[in-house]
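Chemist: This is entry.cif (mmCIF, C-alpha atoms).
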data_data
#
loop_
_atom_site.label_atom_id
_atom_site.label_comp_id
_atom_site.auth_asym_id
_atom_site.auth_seq_id
_atom_site.Cartn_x
_atom_site.Cartn_y
_atom_site.Cartn_z
CA MET A 264 0.00 0.00 0.00
CA ARG A 265 0.99 3.65 -0.42
CA LEU A 266 1.20 5.19 3.03
CA VAL A 267 0.62 8.83 3.91
CA GLY A 268 1.91 10.12 7.25
CA PRO A 269 -0.13 12.01 9.89
CA SER A 270 0.99 15.39 8.54
CA GLY A 271 0.27 14.49 4.92
CA GLU A 272 3.83 13.51 4.10
CA GLN A 273 4.47 10.61 1.72
CA VAL A 274 5.92 7.62 3.58
CA GLY A 275 6.06 5.49 0.44
CA ILE A 276 4.90 2.02 -0.56
CA VAL A 277 5.06 -0.30 2.46
CA PRO A 278 3.62 -3.71 3.39
CA LEU A 279 0.54 -3.89 5.63
CA ALA A 280 2.53 -5.17 8.60
CA LYS A 281 4.88 -2.17 8.43
CA ALA A 282 1.96 0.26 8.16
CA LEU A 283 0.28 -1.29 11.22
CA GLU A 284 3.54 -1.09 13.12
CA LEU A 285 3.87 2.62 12.34
CA ALA A 286 0.25 3.22 13.35
CA GLN A 287 0.91 1.58 16.71
CA GLU A 288 4.12 3.54 17.13
CA TYR A 289 2.36 6.89 16.52
CA ASP A 290 -0.74 5.76 18.48
CA LEU A 291 -2.89 6.51 15.43
CA ASP A 292 -5.35 4.67 13.20
CA LEU A 293 -4.54 3.21 9.78
CA VAL A 294 -7.31 4.44 7.48
CA GLU A 295 -7.80 3.49 3.84
CA VAL A 296 -8.51 6.69 1.91
CA ALA A 297 -8.34 5.47 -1.71
CA ALA A 298 -9.32 1.82 -2.04
CA ASN A 299 -9.47 1.86 -5.87
CA ALA A 300 -5.97 3.25 -6.31
CA ARG A 301 -3.16 0.93 -7.37
CA PRO A 302 -1.69 0.38 -4.87
CA PRO A 303 -4.39 1.39 -2.33
CA VAL A 304 -3.66 4.55 -0.35
CA CYS A 305 -3.82 4.54 3.45
CA LYS A 306 -3.19 7.32 5.94
CA LEU A 307 -2.13 7.48 9.57
CA MET A 308 -4.64 9.61 11.46
CA ASP A 309 -6.76 10.03 14.56
CA TYR A 310 -9.97 8.69 13.03
CA GLY A 311 -12.19 9.87 15.89
CA LYS A 312 -10.88 13.42 15.54
CA PHE A 313 -11.25 13.22 11.76
CA LYS A 314 -14.92 12.17 12.05
CA TYR A 315 -15.62 14.96 14.54
CA GLU A 316 -14.02 17.65 12.37
CA SER A 317 -15.88 16.36 9.29
CA ALA A 318 -19.19 16.51 11.16
CA MET A 319 -18.47 20.08 12.30
CA LYS A 320 -17.62 21.18 8.75
CA ALA A 321 -20.82 19.62 7.42
CA ARG A 322 -22.83 21.32 10.16
CA GLU A 323 -21.28 24.71 9.35
CA ALA A 324 -21.97 24.20 5.64
CA ARG A 325 -25.65 23.45 6.37
CA LYS A 326 -25.82 26.48 8.64
CA ASN A 327 -24.59 28.77 5.87
CA GLN A 328 -26.60 27.11 3.12
CA ALA A 329 -29.12 29.45 1.51
CA HIS A 330 -32.37 28.03 0.25
CA THR A 331 -34.21 30.03 -2.38
CA VAL A 332 -37.64 30.81 -0.97
CA ILE A 333 -40.50 32.48 -2.80
CA LYS A 334 -43.00 34.14 -0.51
CA GLU A 335 -46.43 35.10 -1.78
CA MET A 336 -48.54 38.13 -1.04
CA LYS A 337 -52.09 38.54 -2.35
CA LEU A 338 -53.83 41.88 -2.80
CA ARG A 339 -57.11 43.17 -4.20
CA PRO A 340 -57.04 45.99 -6.80
CA LYS A 341 -59.14 48.26 -4.54
CA ILE A 342 -57.22 47.50 -1.36
CA ASP A 343 -57.74 49.71 1.70
CA PRO A 344 -54.77 52.07 2.43
CA HIS A 345 -54.23 50.52 5.87
CA ASP A 346 -54.26 47.00 4.43
CA TYR A 347 -51.85 48.09 1.72
CA ASP A 348 -49.40 49.38 4.32
CA THR A 349 -49.68 46.09 6.21
CA LYS A 350 -49.06 44.02 3.08
CA LYS A 351 -46.18 46.27 2.05
CA GLY A 352 -44.66 45.75 5.50
CA HIS A 353 -44.69 41.98 4.92
CA VAL A 354 -43.06 42.42 1.50
CA VAL A 355 -40.37 44.64 3.04
CA ARG A 356 -39.65 42.00 5.69
CA PHE A 357 -39.42 39.22 3.09
CA LEU A 358 -37.02 41.21 0.92
CA LYS A 359 -34.87 42.10 3.93
CA GLN A 360 -34.61 38.37 4.64
CA GLY A 361 -33.29 37.86 1.11
CA ASP A 362 -36.41 36.10 -0.19
CA LYS A 363 -38.21 36.60 -3.47
CA VAL A 364 -41.83 37.74 -3.29
CA LYS A 365 -44.62 36.79 -5.67
CA ILE A 366 -47.26 39.51 -5.68
CA THR A 367 -50.71 38.42 -6.85
CA ILE A 368 -53.52 40.84 -7.61
CA MET A 369 -56.89 39.05 -7.47
CA PHE A 370 -59.68 40.39 -9.69
CA ARG A 371 -63.32 39.62 -8.98
CA GLY A 372 -66.43 40.30 -10.98
CA ARG A 373 -66.31 43.58 -12.86
CA GLU A 374 -62.77 44.23 -11.68
CA GLN A 375 -61.57 41.88 -14.41
CA SER A 376 -62.47 44.51 -17.01
CA ARG A 377 -60.04 46.98 -15.42
CA PRO A 378 -56.60 45.31 -15.37
CA GLU A 379 -54.96 48.75 -15.25
CA LEU A 380 -55.95 48.98 -11.57
CA GLY A 381 -53.86 45.95 -10.76
CA TYR A 382 -50.99 47.12 -12.93
CA ARG A 383 -50.86 50.51 -11.20
CA LEU A 384 -50.97 48.86 -7.78
CA LEU A 385 -48.06 46.59 -8.66
CA GLN A 386 -46.07 49.51 -10.03
CA ARG A 387 -46.74 51.48 -6.86
CA LEU A 388 -45.58 48.59 -4.66
CA ALA A 389 -42.44 48.09 -6.75
CA GLU A 390 -41.58 51.78 -6.36
CA ASP A 391 -42.25 51.71 -2.61
CA VAL A 392 -39.76 48.86 -2.03
CA GLN A 393 -37.21 49.69 -4.75
CA ASP A 394 -34.48 50.23 -2.12
CA LEU A 395 -34.83 46.60 -1.04
CA GLY A 396 -35.84 44.78 -4.21
CA PHE A 397 -36.30 44.92 -7.96
CA VAL A 398 -38.90 43.68 -10.43
CA GLU A 399 -37.65 40.26 -11.46
CA SER A 400 -40.77 39.35 -13.42
CA ASN A 401 -42.93 42.13 -14.87
CA PRO A 402 -46.69 42.18 -14.21
CA LYS A 403 -48.58 39.71 -16.37
CA GLN A 404 -52.18 38.52 -16.52
CA ASP A 405 -52.85 34.95 -15.39
CA GLY A 406 -56.55 34.23 -15.67
CA ARG A 407 -58.32 36.29 -13.02
CA ASN A 408 -55.04 37.26 -11.42
CA MET A 409 -52.13 39.55 -12.26
CA ILE A 410 -48.72 38.43 -11.05
CA MET A 411 -45.38 40.16 -10.48
CA VAL A 412 -42.22 38.78 -8.86
CA LEU A 413 -39.88 40.93 -6.79
CA GLY A 414 -36.27 39.86 -6.19
CA PRO A 415 -34.17 41.10 -3.25
CA HIS A 416 -31.07 43.22 -3.72
CA LYS A 417 -29.54 41.42 -0.73
CA LYS A 418 -28.42 37.81 -1.08
CA LYS A 419 -30.00 35.22 1.18
CA THR A 420 -26.66 34.33 2.78
CA GLU A 421 -26.03 38.00 3.64
CA ALA A 422 -29.48 38.36 5.18
CA MET A 423 -28.99 35.19 7.26
CA ALA A 424 -25.60 36.37 8.48
CA GLU A 425 -26.97 39.78 9.48
CA ALA A 426 -29.89 38.17 11.31
CA ARG A 427 -27.50 35.94 13.30
CA GLN A 428 -25.28 38.91 14.17
CA ALA A 429 -28.29 40.91 15.35
CA GLN A 430 -29.47 37.99 17.46
CA GLU A 431 -26.04 37.54 19.04
CA ALA A 432 -25.86 41.28 19.76
CA ARG A 433 -29.24 41.14 21.52
CA LYS A 434 -28.12 38.16 23.60
CA ALA A 435 -24.95 40.01 24.58
CA GLU A 436 -26.98 43.07 25.54
CA ALA A 437 -29.33 40.93 27.62
CA LYS A 438 -26.35 39.51 29.53
CA ALA A 439 -24.98 43.00 30.08
CA HIS A 440 -28.38 44.21 31.37
CA PRO A 441 -29.83 41.30 33.38
CA GLY A 442 -32.63 43.50 34.75
CA ARG A 443 -34.18 43.81 31.31
CA SER A 444 -37.57 42.20 30.69
CA GLN A 445 -37.11 38.53 29.78
CA ASN A 446 -40.27 38.58 27.69
CA ALA A 447 -38.96 41.45 25.58
CA ALA A 448 -35.69 39.63 24.94
CA GLU A 449 -37.49 36.45 23.98
CA ALA A 450 -39.78 38.35 21.62
CA GLU A 451 -36.80 39.90 19.82
CA THR A 452 -35.06 36.53 19.57
CA ALA A 453 -38.18 34.95 18.05
CA GLU A 454 -38.42 37.78 15.54
CA ALA A 455 -34.80 37.26 14.48
CA GLU A 456 -35.34 33.54 14.03
CA THR A 457 -38.13 34.16 11.50
CA SER A 458 -35.45 35.24 9.02
CA GLU A 459 -34.55 31.57 8.54
CA ALA A 460 -38.09 30.20 8.81
CA PRO A 461 -39.79 28.39 5.89
CA ALA A 462 -42.15 30.18 3.54
CA GLU A 463 -45.29 31.53 5.16
CA ALA A 464 -48.78 30.76 3.97
CA PRO A 465 -50.08 33.15 1.30
CA ALA A 466 -51.67 36.26 2.79
CA GLU A 467 -54.93 37.43 1.31
CA ALA A 468 -56.46 40.86 1.42
#
With the file now loaded, output its structure as C-alpha cells.

Modeler:
Amino acid sequence: MRLVGPSGEQVGIVPLAKALELAQEYDLDLVEVAANARPPVCKLMDYGKFKYESAMKAREARKNQAHTVIKEMKLRPKIDPHDYDTKKGHVVRFLKQGDKVKITIMFRGREQSRPELGYRLLQRLAEDVQDLGFVESNPKQDGRNMIMVLGPHKKKTEAMAEARQAQEARKAEAKAHPGRSQNAAEAETAEAETSEAPAEAPAEA
C-alpha cells in the first residue's frame, strides 16, 4: 500500500505489517482513503478526531446554506390604504430576509375589465420597495389574477448572516443588562429567528 503520514507527508509504498507497526508507534489509526488506487492509499490519522471535524464542517456548511424561498402576497385591486401598508410591511420583511416575493392581484367580478388597476398597484408597490428589491418578473395577466415577482437586492446568505449577528448582539446586551424584561428579549429573539423560517402561507387581502 501507499502510506501517507499524519501530517500528509508521503511515507512510500510499504507492506501492511509495516503500516500497522507505524500506526501503533504513533498511536494513530490506519485508514484506507483510496481503495481503488493501485496500490491502495492509506493514511495514519486520529480517526475519531477526523470524524468529529468532518461533522463540524458539514454542520457549518448546512448552517450557511441558503435556500431560495418564494413568498407570496395577495392583494385586491381596490385595497384599503391601511391593508396596503400592512401588506407592504410583509413584503419589506421578506425582501430584507433575502427572499423573493410573488405579488398576486386578485380580480373579482367587474374588476376583471379593469386590469390597469392591478398594474398601477403593482407599479406602486415596486416603487415603494425599490431600495430593497427589484422587479424580477414584470406584471402579467394569469386568468383572473395579475402576477409580479420581486427579487431582493440582498443575497439570502447575507441576510442570514446579518440576522444571526443581530441575534447575538441582543443576547450580549441581555447579559450586560440582566434586569431587562425577559419577555422582551425572547420576543426579539423569536423575531430574528423568523429570518430563517420556511415560507409563510399566502396572505390574502

Chemist: Provide the CA of Ile276 (chain A) to CA of Met264 (chain A) distance in Å, to one decimal place.

Modeler: 5.3 Å

Chemist: Please compute the CA of Gly268 (chain A)-CA of Ala324 (chain A) distance, one decimal, in Å.

Modeler: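 So the two atoms, CA of Gly268 (chain A) and CA of Ala324 (chain A), lie 27.8 Å apart.
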
Chemist: Can you work out which one of A:Glu374, A:Glu390, A:Glu272, A:Glu421 has the shortest atom-to-atom distance to Asn408 (chain A), counting only C-alpha atoms?

Modeler: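 Of all the options, A:Glu374 lies closest to Asn408 (chain A).
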
Chemist: Which residues of region 267-363 of chain A come within 7 Å of region 392-399 of chain A, and for each one, what is the closest pair of atoms and their distance in Å to one decimal, counting only C-alpha atoms, sorted by chain and residue number, as JSON lines?

Modeler:
{"residue": "A:Val355", "atom": "CA", "partner": "A:Val392", "partner_atom": "CA", "distance": 6.6}
{"residue": "A:Leu358", "atom": "CA", "partner": "A:Leu395", "partner_atom": "CA", "distance": 6.1}
{"residue": "A:Lys359", "atom": "CA", "partner": "A:Leu395", "partner_atom": "CA", "distance": 6.7}

Chemist: Which residue out of A:Pro302, A:Gly381, A:Gly361, A:Gly311 has the minimum interatomic distance to Arg339 (chain A) when all atoms listed in the file are used?

Modeler: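 Between A:Pro302, A:Gly381, A:Gly361, A:Gly311, the residue approaching Arg339 (chain A) most closely is A:Gly381.
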
Chemist: Could you check which of A:Gln360, A:Gly271, A:Lys350, A:Lys341 is closest to Arg383 (chain A), using only C-alpha atoms?

Modeler: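 For Arg383 (chain A), the nearest of the candidates is A:Lys341.
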
Chemist: Do you have the CA of Thr367 (chain A)-CA of His416 (chain A) distance handy?

Modeler: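 About the pair CA of Thr367 (chain A) and CA of His416 (chain A): they are 20.5 Å apart.
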
Chemist: A:Ala429, A:Glu335, A:Pro269, A:Arg371: which is nearest Glu288 (chain A), counting only C-alpha atoms?

Modeler: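 Closest residue, counting only C-alpha atoms: A:Pro269.
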
Chemist: With only C-alpha atoms as the counted atoms, please give the residues lying no more than 10 Å from Gly406 (chain A), apart from itself and same-chain residues fewer than 5 positions off, as a ChimeraX atom specification.

Modeler: /A:369-370,375

Chemist: Just C-alpha atoms for this one: save the residues we selected as a tab-separated table (two decimals), in the frame of the given file.

Modeler:
chain	number	residue	atom	x	y	z
A	369	MET	CA	-56.89	39.05	-7.47
A	370	PHE	CA	-59.68	40.39	-9.69
A	375	GLN	CA	-61.57	41.88	-14.41

Chemist: Looking at A:Ile410, A:Val354, A:Ala439, A:Ala432, which one is nearest to Asp391 (chain A), with distances taken over only C-alpha atoms?

Modeler: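 The closest residue to Asp391 (chain A) is A:Val354.
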